[in-house]
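Below: target.txt (compact mmCIF, C-alpha atoms and all ligand atoms)
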```
# COMPACT_ATOMS: atom_id res chain seq x y z
CA MET A 9 2.00 8.13 28.95
CA ASN A 10 4.43 5.57 27.52
CA GLU A 11 4.80 5.18 23.74
CA VAL A 12 2.27 2.35 23.53
CA GLN A 13 -0.36 4.40 25.34
CA LEU A 14 0.46 7.52 23.32
CA HIS A 15 0.06 5.55 20.08
CA ALA A 16 -3.29 4.11 21.21
CA GLU A 17 -4.46 7.61 22.06
CA ASN A 18 -3.32 8.92 18.64
CA VAL A 19 -5.24 6.13 16.92
CA ARG A 20 -8.35 6.91 18.97
CA GLN A 21 -8.20 10.65 18.26
CA SER A 22 -7.42 10.27 14.55
CA ALA A 23 -10.19 7.68 14.11
CA ALA A 24 -12.64 10.04 15.86
CA LYS A 25 -11.67 12.91 13.52
CA ILE A 26 -12.05 10.68 10.45
CA THR A 27 -15.42 9.40 11.70
CA ALA A 28 -16.62 12.97 12.31
CA ALA A 29 -15.47 14.06 8.83
CA LEU A 30 -17.26 11.07 7.27
CA GLY A 31 -20.56 12.61 8.34
CA GLY A 32 -22.44 9.31 8.40
CA LEU A 33 -20.68 7.74 5.38
CA LYS A 34 -19.57 4.18 6.28
CA PRO A 35 -16.60 3.12 4.13
CA LYS A 36 -15.52 -0.51 4.30
CA ILE A 37 -12.55 0.10 1.99
CA ALA A 38 -9.41 2.14 2.61
CA ILE A 39 -6.98 2.73 -0.24
CA ILE A 40 -3.31 3.70 0.12
CA LEU A 41 -1.98 5.45 -2.98
CA GLY A 42 1.59 4.72 -3.99
CA SER A 43 4.23 6.87 -5.68
CA GLY A 44 2.84 8.64 -8.74
CA LEU A 45 -0.64 7.13 -8.23
CA GLY A 46 -2.16 10.12 -6.39
CA GLY A 47 -4.39 10.90 -9.39
CA LEU A 48 -7.05 8.56 -8.01
CA ALA A 49 -7.69 11.16 -5.30
CA ALA A 50 -9.22 13.45 -7.95
CA LYS A 51 -11.76 10.72 -8.84
CA ILE A 52 -13.37 10.82 -5.40
CA GLU A 53 -16.94 12.15 -5.52
CA ASN A 54 -17.89 14.89 -2.99
CA PRO A 55 -14.51 14.66 -1.29
CA VAL A 56 -13.84 15.79 2.24
CA THR A 57 -10.12 16.21 2.86
CA LEU A 58 -8.12 16.02 6.06
CA ALA A 59 -4.41 16.92 6.01
CA TYR A 60 -2.21 14.37 7.80
CA GLY A 61 -1.07 17.29 9.97
CA GLU A 62 -4.57 17.48 11.49
CA LEU A 63 -4.45 13.82 12.56
CA PRO A 64 -2.39 12.97 15.66
CA GLY A 65 0.33 10.41 14.97
CA PHE A 66 -0.05 10.52 11.18
CA PRO A 67 3.23 10.87 9.27
CA VAL A 68 4.81 14.14 8.27
CA LEU A 69 5.76 13.54 4.64
CA THR A 70 8.91 14.55 2.82
CA VAL A 71 9.01 12.60 -0.49
CA ALA A 72 7.88 14.14 -3.79
CA GLY A 73 4.83 12.30 -5.17
CA HIS A 74 3.26 11.79 -1.72
CA ALA A 75 0.66 14.37 -0.75
CA GLY A 76 -0.21 13.60 2.88
CA GLN A 77 -4.01 13.78 2.79
CA VAL A 78 -6.92 11.62 3.82
CA ILE A 79 -9.71 11.93 1.26
CA LEU A 80 -13.18 10.77 2.25
CA GLY A 81 -15.97 10.29 -0.26
CA ARG A 82 -17.28 7.88 -2.88
CA LEU A 83 -15.42 6.15 -5.67
CA ASN A 84 -17.74 4.82 -8.37
CA GLY A 85 -20.53 5.24 -5.82
CA VAL A 86 -18.77 3.24 -3.09
CA PRO A 87 -17.74 4.98 0.16
CA VAL A 88 -13.94 4.91 0.54
CA ILE A 89 -11.16 6.35 2.66
CA VAL A 90 -8.17 7.28 0.52
CA LEU A 91 -4.78 7.71 2.18
CA ASN A 92 -2.65 9.72 -0.21
CA GLY A 93 0.92 9.34 0.92
CA ARG A 94 2.81 7.37 3.52
CA LYS A 95 6.16 7.19 5.26
CA HIS A 96 8.58 4.53 3.99
CA PHE A 97 11.17 2.54 5.88
CA TYR A 98 13.90 4.26 3.85
CA GLU A 99 12.91 7.46 5.68
CA THR A 100 12.61 6.11 9.19
CA SER A 101 12.70 2.94 11.29
CA ASP A 102 9.72 4.26 13.22
CA ALA A 103 6.65 2.21 12.30
CA TYR A 104 4.26 4.20 14.49
CA PRO A 105 3.15 6.74 11.83
CA LEU A 106 2.17 3.93 9.46
CA LYS A 107 0.55 1.97 12.31
CA THR A 108 -1.47 5.03 13.29
CA MET A 109 -2.79 5.51 9.73
CA ILE A 110 -3.83 1.91 9.28
CA ARG A 111 -5.22 1.31 12.76
CA ALA A 112 -7.14 4.60 12.62
CA VAL A 113 -8.93 3.66 9.38
CA GLN A 114 -9.68 0.23 10.86
CA ALA A 115 -11.10 1.90 13.98
CA ALA A 116 -13.14 4.20 11.70
CA GLY A 117 -14.82 1.12 10.19
CA ALA A 118 -12.63 -0.05 7.28
CA GLU A 119 -12.49 -3.81 6.71
CA VAL A 120 -10.37 -3.92 3.55
CA LEU A 121 -7.07 -2.20 2.82
CA PHE A 122 -6.25 -1.76 -0.87
CA LEU A 123 -2.54 -1.06 -1.30
CA SER A 124 -0.75 0.30 -4.34
CA ASN A 125 2.84 0.99 -5.17
CA ALA A 126 5.36 1.63 -7.89
CA ALA A 127 7.59 -1.36 -8.54
CA GLY A 128 10.35 -2.72 -10.75
CA SER A 129 9.55 -5.84 -12.79
CA LEU A 130 11.70 -8.98 -12.63
CA ARG A 131 9.96 -10.80 -15.52
CA ALA A 132 10.01 -9.83 -19.18
CA PRO A 133 6.26 -10.43 -19.70
CA ILE A 134 5.46 -7.94 -16.90
CA LYS A 135 6.11 -4.72 -18.77
CA VAL A 136 6.63 -1.10 -17.82
CA SER A 137 3.39 0.80 -17.07
CA GLU A 138 1.44 -2.46 -16.70
CA LEU A 139 -0.16 -3.60 -13.45
CA MET A 140 0.60 -6.58 -11.22
CA LEU A 141 -1.82 -7.95 -8.64
CA ILE A 142 0.16 -8.95 -5.54
CA THR A 143 -0.38 -12.62 -4.65
CA ASP A 144 2.22 -12.84 -1.87
CA HIS A 145 5.29 -11.04 -0.61
CA ILE A 146 8.86 -11.50 0.55
CA ASN A 147 9.84 -9.21 3.40
CA PHE A 148 13.48 -8.32 2.71
CA LEU A 149 13.33 -5.03 4.63
CA GLY A 150 15.29 -6.39 7.55
CA LEU A 151 12.49 -4.90 9.63
CA ASN A 152 9.04 -5.93 10.68
CA PRO A 153 6.71 -3.10 11.74
CA LEU A 154 5.23 -5.32 14.46
CA VAL A 155 8.54 -5.62 16.36
CA GLY A 156 8.34 -4.06 19.82
CA PRO A 157 5.71 -4.13 22.53
CA ASN A 158 2.43 -5.61 21.33
CA ASP A 159 -0.83 -3.91 22.24
CA GLU A 160 -3.33 -6.77 22.34
CA ALA A 161 -6.11 -4.22 21.84
CA PHE A 162 -4.99 -3.97 18.19
CA GLY A 163 -4.07 -7.58 17.48
CA PRO A 164 -2.16 -10.68 18.60
CA ARG A 165 1.59 -10.95 19.23
CA PHE A 166 2.07 -13.59 16.52
CA VAL A 167 0.29 -13.04 13.23
CA PRO A 168 -0.19 -15.80 10.65
CA VAL A 169 0.34 -14.39 7.15
CA THR A 170 -0.34 -17.49 5.09
CA ASP A 171 -3.21 -15.57 3.51
CA ALA A 172 -1.65 -12.09 3.69
CA TRP A 173 -3.00 -11.08 0.26
CA ASP A 174 -6.65 -12.10 0.31
CA ALA A 175 -7.63 -14.69 -2.33
CA ASP A 176 -11.27 -13.62 -2.46
CA LEU A 177 -10.35 -9.94 -3.02
CA ARG A 178 -7.87 -11.01 -5.69
CA ALA A 179 -10.52 -12.96 -7.57
CA LYS A 180 -12.79 -9.90 -7.57
CA ILE A 181 -10.03 -7.54 -8.72
CA LYS A 182 -9.17 -9.98 -11.52
CA ALA A 183 -12.82 -10.05 -12.56
CA ALA A 184 -12.85 -6.23 -12.69
CA ALA A 185 -9.69 -6.23 -14.85
CA LYS A 186 -11.20 -8.79 -17.21
CA GLN A 187 -14.46 -6.85 -17.58
CA HIS A 188 -12.53 -3.74 -18.59
CA ASN A 189 -9.73 -5.34 -20.62
CA ILE A 190 -7.05 -4.11 -18.24
CA ILE A 191 -3.81 -6.07 -18.38
CA LEU A 192 -3.30 -7.41 -14.86
CA HIS A 193 -0.37 -9.71 -14.14
CA GLU A 194 -0.09 -11.61 -10.87
CA GLY A 195 3.02 -12.11 -8.81
CA VAL A 196 5.10 -11.97 -5.69
CA TYR A 197 6.24 -8.55 -4.46
CA MET A 198 9.58 -8.33 -2.69
CA ALA A 199 10.26 -5.32 -0.49
CA PHE A 200 13.79 -3.92 -0.31
CA ARG A 201 14.47 -1.19 2.20
CA GLY A 202 16.00 1.31 -0.24
CA PRO A 203 16.55 4.19 -0.65
CA SER A 204 19.15 2.98 -3.14
CA PHE A 205 17.65 0.92 -5.93
CA GLU A 206 18.88 -2.67 -6.22
CA THR A 207 22.09 -3.83 -7.84
CA PRO A 208 21.84 -6.24 -10.80
CA ALA A 209 23.12 -9.01 -8.49
CA GLU A 210 20.35 -8.29 -5.99
CA ILE A 211 17.82 -8.40 -8.81
CA ARG A 212 19.13 -11.81 -9.93
CA MET A 213 18.84 -13.01 -6.32
CA ALA A 214 15.25 -11.72 -6.10
CA GLN A 215 14.39 -13.58 -9.32
CA LEU A 216 15.89 -16.81 -7.96
CA TRP A 217 13.99 -16.38 -4.71
CA GLY A 218 10.69 -16.30 -6.57
CA ALA A 219 9.89 -12.60 -6.65
CA ASP A 220 8.20 -11.06 -9.68
CA ALA A 221 8.50 -7.39 -8.73
CA VAL A 222 10.55 -5.31 -6.30
CA GLY A 223 9.72 -2.15 -4.42
CA MET A 224 10.21 -0.27 -1.15
CA SER A 225 6.75 -0.29 0.38
CA SER A 226 3.43 -2.09 1.00
CA VAL A 227 4.85 -5.04 2.96
CA PRO A 228 4.85 -3.15 6.30
CA ASP A 229 1.35 -1.83 5.49
CA CYS A 230 0.15 -5.37 4.79
CA LEU A 231 1.61 -6.75 8.04
CA ILE A 232 0.12 -3.97 10.18
CA ALA A 233 -3.25 -4.40 8.45
CA ARG A 234 -3.33 -8.20 8.85
CA HIS A 235 -2.39 -7.80 12.53
CA CYS A 236 -5.49 -5.66 13.17
CA GLY A 237 -7.75 -7.92 11.12
CA LEU A 238 -8.06 -5.99 7.86
CA ARG A 239 -8.19 -7.99 4.64
CA VAL A 240 -5.54 -6.81 2.18
CA ALA A 241 -5.29 -6.46 -1.59
CA GLY A 242 -2.57 -4.75 -3.56
CA VAL A 243 -1.57 -3.69 -7.04
CA SER A 244 1.90 -2.71 -8.26
CA CYS A 245 2.28 -0.28 -11.11
CA ILE A 246 5.42 -1.33 -12.97
CA THR A 247 7.60 1.71 -13.53
CA ASN A 248 10.80 0.04 -14.71
CA MET A 249 12.53 -3.26 -15.27
CA GLY A 250 14.71 -4.29 -12.32
CA ALA A 251 18.32 -3.11 -12.37
CA GLY A 252 20.35 -4.81 -15.08
CA LEU A 253 17.30 -6.17 -16.93
CA SER A 254 17.09 -3.29 -19.40
CA ASP A 255 19.21 -0.40 -20.62
CA GLU A 256 16.90 2.21 -19.14
CA LYS A 257 18.23 4.23 -16.22
CA ILE A 258 16.36 3.84 -12.93
CA SER A 259 15.51 6.98 -10.96
CA HIS A 260 12.72 8.37 -8.79
CA ALA A 261 11.79 10.87 -11.53
CA HIS A 262 11.53 7.96 -13.95
CA THR A 263 9.38 6.07 -11.41
CA LEU A 264 6.94 8.99 -11.15
CA GLU A 265 6.87 9.47 -14.94
CA ASN A 266 6.13 5.81 -15.70
CA ALA A 267 3.68 5.52 -12.79
CA ALA A 268 1.77 8.36 -14.45
CA ARG A 269 1.67 6.27 -17.67
CA GLY A 270 0.17 3.32 -15.77
CA ALA A 271 -2.05 5.48 -13.58
CA GLY A 272 -5.00 5.54 -16.00
CA ALA A 273 -5.32 1.75 -15.97
CA PHE A 274 -4.74 1.70 -12.20
CA GLU A 275 -7.52 4.23 -11.61
CA ARG A 276 -9.96 2.34 -13.86
CA LEU A 277 -9.08 -0.94 -12.15
CA VAL A 278 -9.61 0.38 -8.62
CA ALA A 279 -12.80 2.24 -9.55
CA THR A 280 -14.33 -0.84 -11.18
CA ALA A 281 -13.10 -3.20 -8.45
CA VAL A 282 -14.41 -1.33 -5.39
CA PRO A 283 -18.12 -2.13 -5.96
CA LEU A 284 -17.17 -5.84 -6.10
CA LEU A 285 -15.04 -5.97 -2.92
N1 LIG B 1 13.23 -1.09 -7.10
C1 LIG B 1 12.73 -0.69 -5.92
N2 LIG B 1 11.70 0.10 -5.80
C2 LIG B 1 11.13 0.56 -6.93
C3 LIG B 1 11.60 0.19 -8.19
C4 LIG B 1 12.71 -0.68 -8.28
O1 LIG B 1 13.19 -1.06 -9.36
N3 LIG B 1 10.80 0.81 -9.10
C5 LIG B 1 9.88 1.52 -8.40
N4 LIG B 1 10.07 1.38 -7.08
```

Show me this structure written as structure tokens.
Ligand code: HPA
Amino acid sequence: MNEVQLHAENVRQSAAKITAALGGLKPKIAIILGSGLGGLAAKIENPVTLAYGELPGFPVLTVAGHAGQVILGRLNGVPVIVLNGRKHFYETSDAYPLKTMIRAVQAAGAEVLFLSNAAGSLRAPIKVSELMLITDHINFLGLNPLVGPNDEAFGPRFVPVTDAWDADLRAKIKAAAKQHNIILHEGVYMAFRGPSFETPAEIRMAQLWGADAVGMSSVPDCLIARHCGLRVAGVSCITNMGAGLSDEKISHAHTLENAARGAGAFERLVATAVPLL
């Protein structure tokens, strides 16, 4: 088998295992939990858990704050597939593990992918531990996960991303935030490759380019998902001001700590949004 065939086989096998574990539950929504946002996993009712290690082609995780589990069950009564943990492009240039996760949940019946991440804010009104609904993105990774041979069985060679972050889903998530008095900013997410955080000059560039928050994830996930026809929504949990915008030091420990502070609002937002999506 060549790598394209091996990947397709991994997707098929992982989707079959997820479908079997679902035991008749039919989730339309898959949720990827970002750094420090794993607490949502504990809110899943009657959870069935699969370790990524049991699913062929799923990533083997190394970063603190990322558990590496698929959790199947209901959130606020709605069937969901939760993906707790993912591989970032600062760990690898290999997009296959991420592709396998996303294409497997699509093959298992998901129609919507709800992404989340920890991010640095570029705008003073978007404060630490508040949430930002992603309206659009700038891919500054220097990589696109869809580079390489295209398997038409998953999606087309060229993918329009004019509507990458679904307007209808955004309206519903905003309605959920309003109902529950959750502060929800809106803005453009710019993905840097990391693993170093940005310099103050890079942050000034990102501001000039029209970004509102910066992070190291979610853009590849969005592109893979749009390619295979999933609709995408995403929320950033602001863990710090971008480099040079405040006196606070930026670190991964700090990211996890401040994500935990925003996690309560994030969990309430996702739980109240899922019945509307
Ligand atoms: N930059 C990049 N990624 C991040 C940041 C940041 O400031 N905060 C959390 N993830």

List the neighbours of range 159-169 of chain A out to 6 Å using only C-alpha atoms; skip same-chain residues closer than 3 positions along the sequence, and give me the result as a PDB file with C-alpha atoms, in the coordinates of the input.
```
ATOM      1  CA  ALA A 172      -1.650 -12.090   3.690  1.00  0.00           C
ATOM      2  CA  HIS A 235      -2.390  -7.800  12.530  1.00  0.00           C
ATOM      3  CA  CYS A 236      -5.490  -5.660  13.170  1.00  0.00           C
TER       4      CYS A 236
END
```

Using only C-alpha atoms, which protein or nucleic acid residues come within 10 Å of Gln187 in chain A? Drop anything in the same chain fewer than 6 positions from it, and give the result as a ChimeraX atom specification. /A:181,277,280-281

Given all atoms listed in the file as the counted atoms, nearest of A:Glu265, A:Ile37, A:Gly218, A:Leu285 to Ala175 in chain A: A:Leu285

9 Å shell around ligand LIG 1 (chain B) using all atoms listed in the file, listed as a PyMOL selection string: chain A and resi 43+125-130+198-206+211+221-225+245-251+258-260+262-264+267

Return as a tab-separated table the residues of range 59-116 of chain A lying at most 9 Å from range 17-27 of chain A, together with the closest atom-to-atom pair for each and the distance in Å to one decimal, counting only C-alpha atoms, with rows in chain order and ascending residue number.
```
residue	atom	partner	partner_atom	distance
A:Glu62	CA	A:Ser22	CA	8.3
A:Leu63	CA	A:Ser22	CA	5.0
A:Pro64	CA	A:Asn18	CA	5.1
A:Gly65	CA	A:Asn18	CA	5.4
A:Phe66	CA	A:Ser22	CA	8.1
A:Val78	CA	A:Ile26	CA	8.4
A:Leu80	CA	A:Ile26	CA	8.3
A:Ile89	CA	A:Ile26	CA	9.0
A:Lys107	CA	A:Val19	CA	8.5
A:Thr108	CA	A:Val19	CA	5.3
A:Met109	CA	A:Val19	CA	7.6
A:Ile110	CA	A:Val19	CA	8.8
A:Arg111	CA	A:Val19	CA	6.4
A:Ala112	CA	A:Ala23	CA	4.6
A:Val113	CA	A:Ala23	CA	6.3
A:Gln114	CA	A:Ala23	CA	8.1
A:Ala115	CA	A:Ala23	CA	5.9
A:Ala116	CA	A:Ala23	CA	5.2
```

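Remark: for Ser101 in chain A, the closest of the candidate residues A:Val155, A:Leu83, A:Ala38, A:Met9 is A:Val155 (distances computed over only C-alpha atoms).
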
Which residue, A:Lys36, A:Lys135, A:His145, A:His96, has the smallest gap to Asn266 in chain A when you use only C-alpha atoms?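 Looking at the shortest contact to Asn266 in chain A, the residue is A:Lys135.
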
Computed interatomic separation between CA of Leu121 in chain A and CA of Pro133 in chain A (Å):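 CA of Pro133 in chain A lies at a distance of 27.4 Å from CA of Leu121 in chain A.
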
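Each of A:Val243, A:Val88, A:Ala75, A:Ala184 was compared to Gly44 in chain A using only C-alpha atoms, and A:Ala75 turns out to be the nearest.
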
Length of the CA of Pro55 in chain A to CA of Leu284 in chain A vector [Å]: 21.2 Å

Quick one: distance from CA of Ile190 in chain A to CA of Ile40 in chain A in Å, one decimal?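 Separating CA of Ile190 in chain A from CA of Ile40 in chain A is a distance of 20.3 Å.
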
Residues at most 12 Å from Ala50 in chain A, counting all atoms listed in the file, excluding those fewer than 6 positions away in the same chain, as a PyMOL selection string? chain A and resi 41+56-57+77+79-83+90+92+275+279
